[in-house]
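Okay, work_35.cif now, which holds mmCIF, C-alpha atoms, pLDDT in the B column; chains and numbers go by the auth columns:
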data_upload
loop_
_atom_site.group_PDB
_atom_site.id
_atom_site.type_symbol
_atom_site.label_atom_id
_atom_site.label_comp_id
_atom_site.label_asym_id
_atom_site.label_seq_id
_atom_site.Cartn_x
_atom_site.Cartn_y
_atom_site.Cartn_z
_atom_site.B_iso_or_equiv
_atom_site.auth_seq_id
_atom_site.auth_asym_id
ATOM 1 C CA MET A 1 -68.399 38.779 66.131 53.00 30 A
ATOM 2 C CA ASP A 2 -68.007 41.232 69.011 67.00 31 A
ATOM 3 C CA ALA A 3 -69.322 44.409 67.450 86.00 32 A
ATOM 4 C CA ASN A 4 -72.954 45.265 66.980 93.00 33 A
ATOM 5 C CA ILE A 5 -73.593 47.177 63.772 93.00 34 A
ATOM 6 C CA LEU A 6 -76.648 49.375 63.408 95.00 35 A
ATOM 7 C CA ILE A 7 -78.218 48.996 59.971 94.00 36 A
ATOM 8 C CA SER A 8 -81.198 50.337 58.074 94.00 37 A
ATOM 9 C CA ALA A 9 -83.623 47.417 58.208 94.00 38 A
ATOM 10 C CA CYS A 10 -84.578 47.890 54.547 93.00 39 A
ATOM 11 C CA LEU A 11 -80.973 47.121 53.522 93.00 40 A
ATOM 12 C CA LEU A 12 -81.382 43.629 54.992 92.00 41 A
ATOM 13 C CA GLY A 13 -84.599 43.086 53.033 92.00 42 A
ATOM 14 C CA LYS A 14 -87.268 44.230 55.480 93.00 43 A
ATOM 15 C CA GLU A 15 -90.115 45.783 53.530 93.00 44 A
ATOM 16 C CA CYS A 16 -90.296 48.973 55.566 91.00 45 A
ATOM 17 C CA ARG A 17 -89.618 51.730 53.025 90.00 46 A
ATOM 18 C CA TYR A 18 -92.344 54.317 52.524 89.00 47 A
ATOM 19 C CA ASP A 19 -93.548 52.375 49.455 90.00 48 A
ATOM 20 C CA GLY A 20 -93.689 49.043 51.309 89.00 49 A
ATOM 21 C CA LYS A 21 -90.594 47.780 49.502 90.00 50 A
ATOM 22 C CA HIS A 22 -87.020 47.167 50.630 93.00 51 A
ATOM 23 C CA SER A 23 -83.564 48.278 49.486 92.00 52 A
ATOM 24 C CA LYS A 24 -81.907 44.918 50.090 92.00 53 A
ATOM 25 C CA LEU A 25 -78.178 44.668 49.492 89.00 54 A
ATOM 26 C CA ASP A 26 -77.506 41.000 48.810 86.00 55 A
ATOM 27 C CA LEU A 27 -73.826 41.294 49.713 82.00 56 A
ATOM 28 C CA LEU A 28 -74.853 41.930 53.342 82.00 57 A
ATOM 29 C CA ASN A 29 -76.678 38.593 53.670 74.00 58 A
ATOM 30 C CA ASN A 30 -73.535 36.494 53.851 75.00 59 A
ATOM 31 C CA ALA A 31 -71.697 38.795 56.227 76.00 60 A
ATOM 32 C CA LYS A 32 -71.196 37.145 59.595 79.00 61 A
ATOM 33 C CA LEU A 33 -71.890 40.287 61.576 85.00 62 A
ATOM 34 C CA ASN A 34 -74.177 41.111 64.455 91.00 63 A
ATOM 35 C CA TRP A 35 -76.693 43.378 62.740 93.00 64 A
ATOM 36 C CA ILE A 36 -79.005 45.620 64.759 95.00 65 A
ATOM 37 C CA PRO A 37 -81.692 46.466 62.158 95.00 66 A
ATOM 38 C CA ILE A 38 -83.863 49.519 62.728 95.00 67 A
ATOM 39 C CA CYS A 39 -86.426 51.606 60.869 94.00 68 A
ATOM 40 C CA PRO A 40 -87.001 55.008 62.506 95.00 69 A
ATOM 41 C CA GLU A 41 -90.177 55.601 60.500 94.00 70 A
ATOM 42 C CA GLU A 42 -91.755 52.418 61.870 94.00 71 A
ATOM 43 C CA LEU A 43 -90.476 53.243 65.363 95.00 72 A
ATOM 44 C CA GLY A 44 -92.109 56.654 64.958 95.00 73 A
ATOM 45 C CA ASP A 45 -95.457 54.924 64.270 94.00 74 A
ATOM 46 C CA LEU A 46 -95.654 55.988 60.629 93.00 75 A
ATOM 47 C CA GLY A 47 -96.584 52.472 59.533 83.00 76 A
ATOM 48 C CA LYS A 48 -95.244 50.075 56.949 81.00 77 A
ATOM 49 C CA THR A 49 -96.454 52.001 53.919 85.00 78 A
ATOM 50 C CA ARG A 50 -96.754 55.758 53.989 90.00 79 A
ATOM 51 C CA LEU A 51 -96.425 58.784 51.783 91.00 80 A
ATOM 52 C CA ALA A 52 -92.908 59.767 50.795 93.00 81 A
ATOM 53 C CA ALA A 53 -91.446 62.406 53.095 95.00 82 A
ATOM 54 C CA GLU A 54 -88.573 64.833 52.755 95.00 83 A
ATOM 55 C CA LEU A 55 -86.679 67.004 55.199 95.00 84 A
ATOM 56 C CA GLN A 56 -87.077 70.695 54.455 93.00 85 A
ATOM 57 C CA SER A 57 -84.527 73.436 55.078 88.00 86 A
ATOM 58 C CA ASN A 58 -86.552 74.650 58.087 92.00 87 A
ATOM 59 C CA GLY A 59 -86.057 71.279 59.800 91.00 88 A
ATOM 60 C CA LYS A 60 -89.602 70.026 59.268 95.00 89 A
ATOM 61 C CA VAL A 61 -90.295 66.665 57.663 96.00 90 A
ATOM 62 C CA ILE A 62 -93.222 66.965 55.260 96.00 91 A
ATOM 63 C CA THR A 63 -95.050 64.314 53.226 95.00 92 A
ATOM 64 C CA GLU A 64 -96.025 64.722 49.591 92.00 93 A
ATOM 65 C CA SER A 65 -99.504 65.756 50.804 94.00 94 A
ATOM 66 C CA VAL A 66 -97.877 68.482 52.976 94.00 95 A
ATOM 67 C CA GLU A 67 -98.540 66.703 56.276 94.00 96 A
ATOM 68 C CA ASP A 68 -95.989 67.597 58.942 97.00 97 A
ATOM 69 C CA VAL A 69 -94.553 64.316 60.256 97.00 98 A
ATOM 70 C CA SER A 70 -91.610 65.899 62.086 97.00 99 A
ATOM 71 C CA LYS A 71 -92.765 64.583 65.470 97.00 100 A
ATOM 72 C CA GLN A 72 -92.953 61.003 64.212 97.00 101 A
ATOM 73 C CA PHE A 73 -89.518 61.260 62.554 96.00 102 A
ATOM 74 C CA ASN A 74 -87.992 62.743 65.709 97.00 103 A
ATOM 75 C CA ASP A 75 -89.648 60.119 67.922 97.00 104 A
ATOM 76 C CA GLY A 76 -88.378 57.337 65.643 96.00 105 A
ATOM 77 C CA ALA A 77 -84.882 58.857 65.556 96.00 106 A
ATOM 78 C CA ASN A 78 -84.788 59.099 69.361 97.00 107 A
ATOM 79 C CA LYS A 79 -85.930 55.472 69.736 97.00 108 A
ATOM 80 C CA SER A 80 -83.358 54.376 67.145 96.00 109 A
ATOM 81 C CA LEU A 81 -80.601 56.252 68.924 96.00 110 A
ATOM 82 C CA LYS A 82 -81.592 54.600 72.200 97.00 111 A
ATOM 83 C CA ILE A 83 -81.413 51.160 70.549 96.00 112 A
ATOM 84 C CA ALA A 84 -77.977 51.992 69.131 95.00 113 A
ATOM 85 C CA LYS A 85 -76.707 53.058 72.555 95.00 114 A
ATOM 86 C CA GLU A 86 -78.253 50.078 74.368 95.00 115 A
ATOM 87 C CA ASN A 87 -76.529 47.742 71.894 95.00 116 A
ATOM 88 C CA ASN A 88 -73.229 49.648 72.044 95.00 117 A
ATOM 89 C CA CYS A 89 -73.205 50.193 68.277 94.00 118 A
ATOM 90 C CA LYS A 90 -70.066 52.024 67.165 91.00 119 A
ATOM 91 C CA THR A 91 -70.677 51.507 63.444 92.00 120 A
ATOM 92 C CA ALA A 92 -73.732 52.016 61.257 93.00 121 A
ATOM 93 C CA ILE A 93 -74.740 51.242 57.689 91.00 122 A
ATOM 94 C CA LEU A 94 -77.517 53.636 56.791 93.00 123 A
ATOM 95 C CA LYS A 95 -79.795 54.147 53.780 91.00 124 A
ATOM 96 C CA SER A 96 -78.497 56.982 51.650 91.00 125 A
ATOM 97 C CA LYS A 97 -80.628 60.041 50.895 92.00 126 A
ATOM 98 C CA SER A 98 -83.197 59.017 53.512 92.00 127 A
ATOM 99 C CA PRO A 99 -84.882 61.782 55.538 94.00 128 A
ATOM 100 C CA SER A 100 -83.911 59.711 58.591 94.00 129 A
ATOM 101 C CA PHE A 101 -80.558 58.167 57.695 92.00 130 A
ATOM 102 C CA GLY A 102 -79.140 60.267 54.868 93.00 131 A
ATOM 103 C CA ILE A 103 -75.519 61.308 55.420 93.00 132 A
ATOM 104 C CA GLY A 104 -74.062 64.166 53.426 93.00 133 A
ATOM 105 C CA LYS A 105 -76.848 64.308 50.847 94.00 134 A
ATOM 106 C CA ILE A 106 -80.622 64.265 51.189 94.00 135 A
ATOM 107 C CA TYR A 107 -83.512 65.259 48.956 94.00 136 A
ATOM 108 C CA ASN A 108 -84.177 68.992 49.030 92.00 137 A
ATOM 109 C CA GLY A 109 -87.702 68.890 50.488 93.00 138 A
ATOM 110 C CA THR A 110 -89.550 69.807 47.280 93.00 139 A
ATOM 111 C CA PHE A 111 -90.150 66.258 45.953 95.00 140 A
ATOM 112 C CA SER A 112 -88.269 67.193 42.770 95.00 141 A
ATOM 113 C CA LYS A 113 -85.645 64.415 43.207 93.00 142 A
ATOM 114 C CA LYS A 114 -82.945 67.066 43.634 95.00 143 A
ATOM 115 C CA LEU A 115 -80.231 66.379 46.197 95.00 144 A
ATOM 116 C CA ILE A 116 -78.668 68.906 48.536 94.00 145 A
ATOM 117 C CA LYS A 117 -75.982 68.749 51.184 94.00 146 A
ATOM 118 C CA GLY A 118 -77.502 67.673 54.458 93.00 147 A
ATOM 119 C CA ASN A 119 -78.177 64.907 56.942 94.00 148 A
ATOM 120 C CA GLY A 120 -81.300 63.061 57.970 94.00 149 A
ATOM 121 C CA VAL A 121 -83.098 63.437 61.305 96.00 150 A
ATOM 122 C CA PHE A 122 -81.391 60.437 62.970 94.00 151 A
ATOM 123 C CA VAL A 123 -77.929 61.398 61.729 94.00 152 A
ATOM 124 C CA LYS A 124 -78.320 64.927 63.129 93.00 153 A
ATOM 125 C CA LYS A 125 -78.966 63.427 66.586 90.00 154 A
ATOM 126 C CA MET A 126 -75.836 61.242 66.554 85.00 155 A
#
Kindly present the structure from the file in structure tokens form.
Amino acid sequence: MDANILISACLLGKECRYDGKHSKLDLLNNAKLNWIPICPEELGDLGKTRLAAELQSNGKVITESVEDVSKQFNDGANKSLKIAKENNCKTAILKSKSPSFGIGKIYNGTFSKKLIKGNGVFVKKM
């Protein structure tokens, strides 16, 4: 168990999604790995429950009520990246479609549940 693996905290069952729920993947519970769980939204001081947010094409992260939370997402991404570096994480398991962790596909920023090619705020900083 040498490697530290960065992981979206919600995938391990932490209730830190925008809706206060988790996205737990039970198959991860039995893995004998050294998880480094993080939630950029919590690290960005957005709180445990918050309005859904999506990354827009202009780079801003906007909530459903049109509040610009780009600063909080960027702060949380920077803190998450620092944690990953401090723990020498070379591998990550990240929540798909997330405005922070999405890789390859994210929601299009219109809250219409449509996916587009793109990466979340944290992934862009990697």
Exercise. What does the PyMOL selection byres ((chain A and resi 31-41) around 9) select in this file, as a PyMOL selection string?
Worked result: chain A and resi 30+42-46+50-55+57-58+62-69+112-113+116-124+130
Taking every listed atom of range 66-79 of chain A and adding 4 Å to each side, what centre and edge lengths in Å (one decimal) does the axis-aligned box have, as lines of an AutoDock Vina configuration file?
center_x = -89.2
center_y = 51.6
center_z = 59.6
size_x = 23.1
size_y = 18.2
size_z = 19.4
For this session: Find, counting all atoms listed in the file, the residue in A:Ile132, A:Ala60, A:Leu72, A:Val98 that gets nearest to Gly147 in chain A.
Result: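 For Gly147 in chain A, the nearest of the candidates is A:Ile132.
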For this session: Measure the distance from CA of Asn103 in chain A to CA of Gly88 in chain A in Å and round it to one decimal.
Result: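 CA of Gly88 in chain A lies 10.6 Å from CA of Asn103 in chain A.
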For this session: Go through A:Ser86, A:Asn59, A:Pro128, A:Glu115 one by one, measure the shortest atom-to-atom distance of each to Gln101 in chain A using all atoms listed in the file, and give the residue with the smallest value.
Result: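 Checking each of A:Ser86, A:Asn59, A:Pro128, A:Glu115 against Gln101 in chain A, counting all atoms listed in the file, the winner is A:Pro128.
Evaluated against this file, the PyMOL selection byres ((chain A and resi 91-96) around 8) yields Leu80, Ala81, Ala82, Glu83, Leu84, Gln85, Lys89, Val90, Asp97, Val98, Ser99, Gly138 and Phe140 of chain A.
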Write the residues of the selection above to a file with C-alpha atoms, as a PDB file, keeping the file's coordinate frame.
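Produced file selection-v4.pdb, reproduced below:
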ATOM      1  CA  LEU A  80     -96.425  58.784  51.783  1.00 91.00           C
ATOM      2  CA  ALA A  81     -92.908  59.767  50.795  1.00 93.00           C
ATOM      3  CA  ALA A  82     -91.446  62.406  53.095  1.00 95.00           C
ATOM      4  CA  GLU A  83     -88.573  64.833  52.755  1.00 95.00           C
ATOM      5  CA  LEU A  84     -86.679  67.004  55.199  1.00 95.00           C
ATOM      6  CA  GLN A  85     -87.077  70.695  54.455  1.00 93.00           C
ATOM      7  CA  LYS A  89     -89.602  70.026  59.268  1.00 95.00           C
ATOM      8  CA  VAL A  90     -90.295  66.665  57.663  1.00 96.00           C
ATOM      9  CA  ASP A  97     -95.989  67.597  58.942  1.00 97.00           C
ATOM     10  CA  VAL A  98     -94.553  64.316  60.256  1.00 97.00           C
ATOM     11  CA  SER A  99     -91.610  65.899  62.086  1.00 97.00           C
ATOM     12  CA  GLY A 138     -87.702  68.890  50.488  1.00 93.00           C
ATOM     13  CA  PHE A 140     -90.150  66.258  45.953  1.00 95.00           C
TER      14      PHE A 140
END
For this session: Take CA of Ser109 in chain A and CA of Ser141 in chain A and report the distance between them in Å, one decimal.
Result: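 We find that CA of Ser109 in chain A and CA of Ser141 in chain A lie 28.0 Å from each other.
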Repaired coordinates for range 104-115 of chain A (all heavy atoms) as a compact mmCIF listing (two decimals), keeping the file's coordinate frame:
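Result file is out.txt:
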# COMPACT_ATOMS: atom_id res chain seq x y z
N ASP A 104 -89.41 61.22 66.98
CA ASP A 104 -89.65 60.12 67.92
C ASP A 104 -88.92 58.86 67.47
O ASP A 104 -88.27 58.18 68.27
CB ASP A 104 -91.14 59.83 68.06
CG ASP A 104 -91.90 60.89 68.84
OD1 ASP A 104 -91.26 61.79 69.44
OD2 ASP A 104 -93.16 60.84 68.82
N GLY A 105 -89.04 58.52 66.18
CA GLY A 105 -88.38 57.34 65.64
C GLY A 105 -86.86 57.45 65.72
O GLY A 105 -86.17 56.47 66.03
N ALA A 106 -86.33 58.65 65.47
CA ALA A 106 -84.88 58.86 65.56
C ALA A 106 -84.41 58.69 66.99
O ALA A 106 -83.37 58.07 67.24
CB ALA A 106 -84.52 60.24 65.02
N ASN A 107 -85.17 59.23 67.95
CA ASN A 107 -84.79 59.10 69.36
C ASN A 107 -84.83 57.64 69.81
O ASN A 107 -83.92 57.18 70.52
CB ASN A 107 -85.71 59.95 70.24
CG ASN A 107 -85.45 61.43 70.08
OD1 ASN A 107 -84.35 61.85 69.73
ND2 ASN A 107 -86.47 62.24 70.33
N LYS A 108 -85.84 56.90 69.39
CA LYS A 108 -85.93 55.47 69.74
C LYS A 108 -84.79 54.69 69.08
O LYS A 108 -84.20 53.80 69.70
CB LYS A 108 -87.29 54.90 69.31
CG LYS A 108 -88.44 55.41 70.16
CD LYS A 108 -89.78 54.91 69.64
CE LYS A 108 -90.93 55.49 70.44
NZ LYS A 108 -92.24 55.09 69.88
N SER A 109 -84.46 55.04 67.85
CA SER A 109 -83.36 54.38 67.14
C SER A 109 -82.03 54.65 67.83
O SER A 109 -81.20 53.75 67.99
CB SER A 109 -83.30 54.86 65.69
OG SER A 109 -84.48 54.52 65.01
N LEU A 110 -81.83 55.89 68.23
CA LEU A 110 -80.60 56.25 68.92
C LEU A 110 -80.48 55.50 70.24
O LEU A 110 -79.40 55.02 70.60
CB LEU A 110 -80.56 57.76 69.16
CG LEU A 110 -79.24 58.37 69.59
CD1 LEU A 110 -78.14 58.05 68.61
CD2 LEU A 110 -79.38 59.86 69.76
N LYS A 111 -81.59 55.35 70.94
CA LYS A 111 -81.59 54.60 72.20
C LYS A 111 -81.21 53.14 71.95
O LYS A 111 -80.40 52.57 72.70
CB LYS A 111 -82.98 54.69 72.86
CG LYS A 111 -83.06 53.98 74.18
CD LYS A 111 -84.43 54.12 74.81
CE LYS A 111 -84.45 53.38 76.13
NZ LYS A 111 -85.78 53.28 76.70
N ILE A 112 -81.75 52.55 70.90
CA ILE A 112 -81.41 51.16 70.55
C ILE A 112 -79.92 51.05 70.23
O ILE A 112 -79.25 50.11 70.67
CB ILE A 112 -82.28 50.67 69.36
CG1 ILE A 112 -83.73 50.52 69.82
CG2 ILE A 112 -81.74 49.37 68.78
CD1 ILE A 112 -84.72 50.32 68.68
N ALA A 113 -79.40 52.01 69.48
CA ALA A 113 -77.98 51.99 69.13
C ALA A 113 -77.11 52.06 70.39
O ALA A 113 -76.14 51.31 70.52
CB ALA A 113 -77.66 53.16 68.20
N LYS A 114 -77.48 52.92 71.32
CA LYS A 114 -76.71 53.06 72.56
C LYS A 114 -76.83 51.82 73.42
O LYS A 114 -75.84 51.34 73.97
CB LYS A 114 -77.16 54.30 73.32
CG LYS A 114 -76.71 55.59 72.67
CD LYS A 114 -77.17 56.80 73.43
CE LYS A 114 -76.70 58.08 72.74
NZ LYS A 114 -77.17 59.28 73.42
N GLU A 115 -78.04 51.28 73.55
CA GLU A 115 -78.25 50.08 74.37
C GLU A 115 -77.46 48.88 73.83
O GLU A 115 -77.07 48.01 74.59
CB GLU A 115 -79.74 49.71 74.41
CG GLU A 115 -80.57 50.65 75.26
CD GLU A 115 -82.06 50.41 75.13
OE1 GLU A 115 -82.50 49.65 74.22
OE2 GLU A 115 -82.81 50.99 75.94
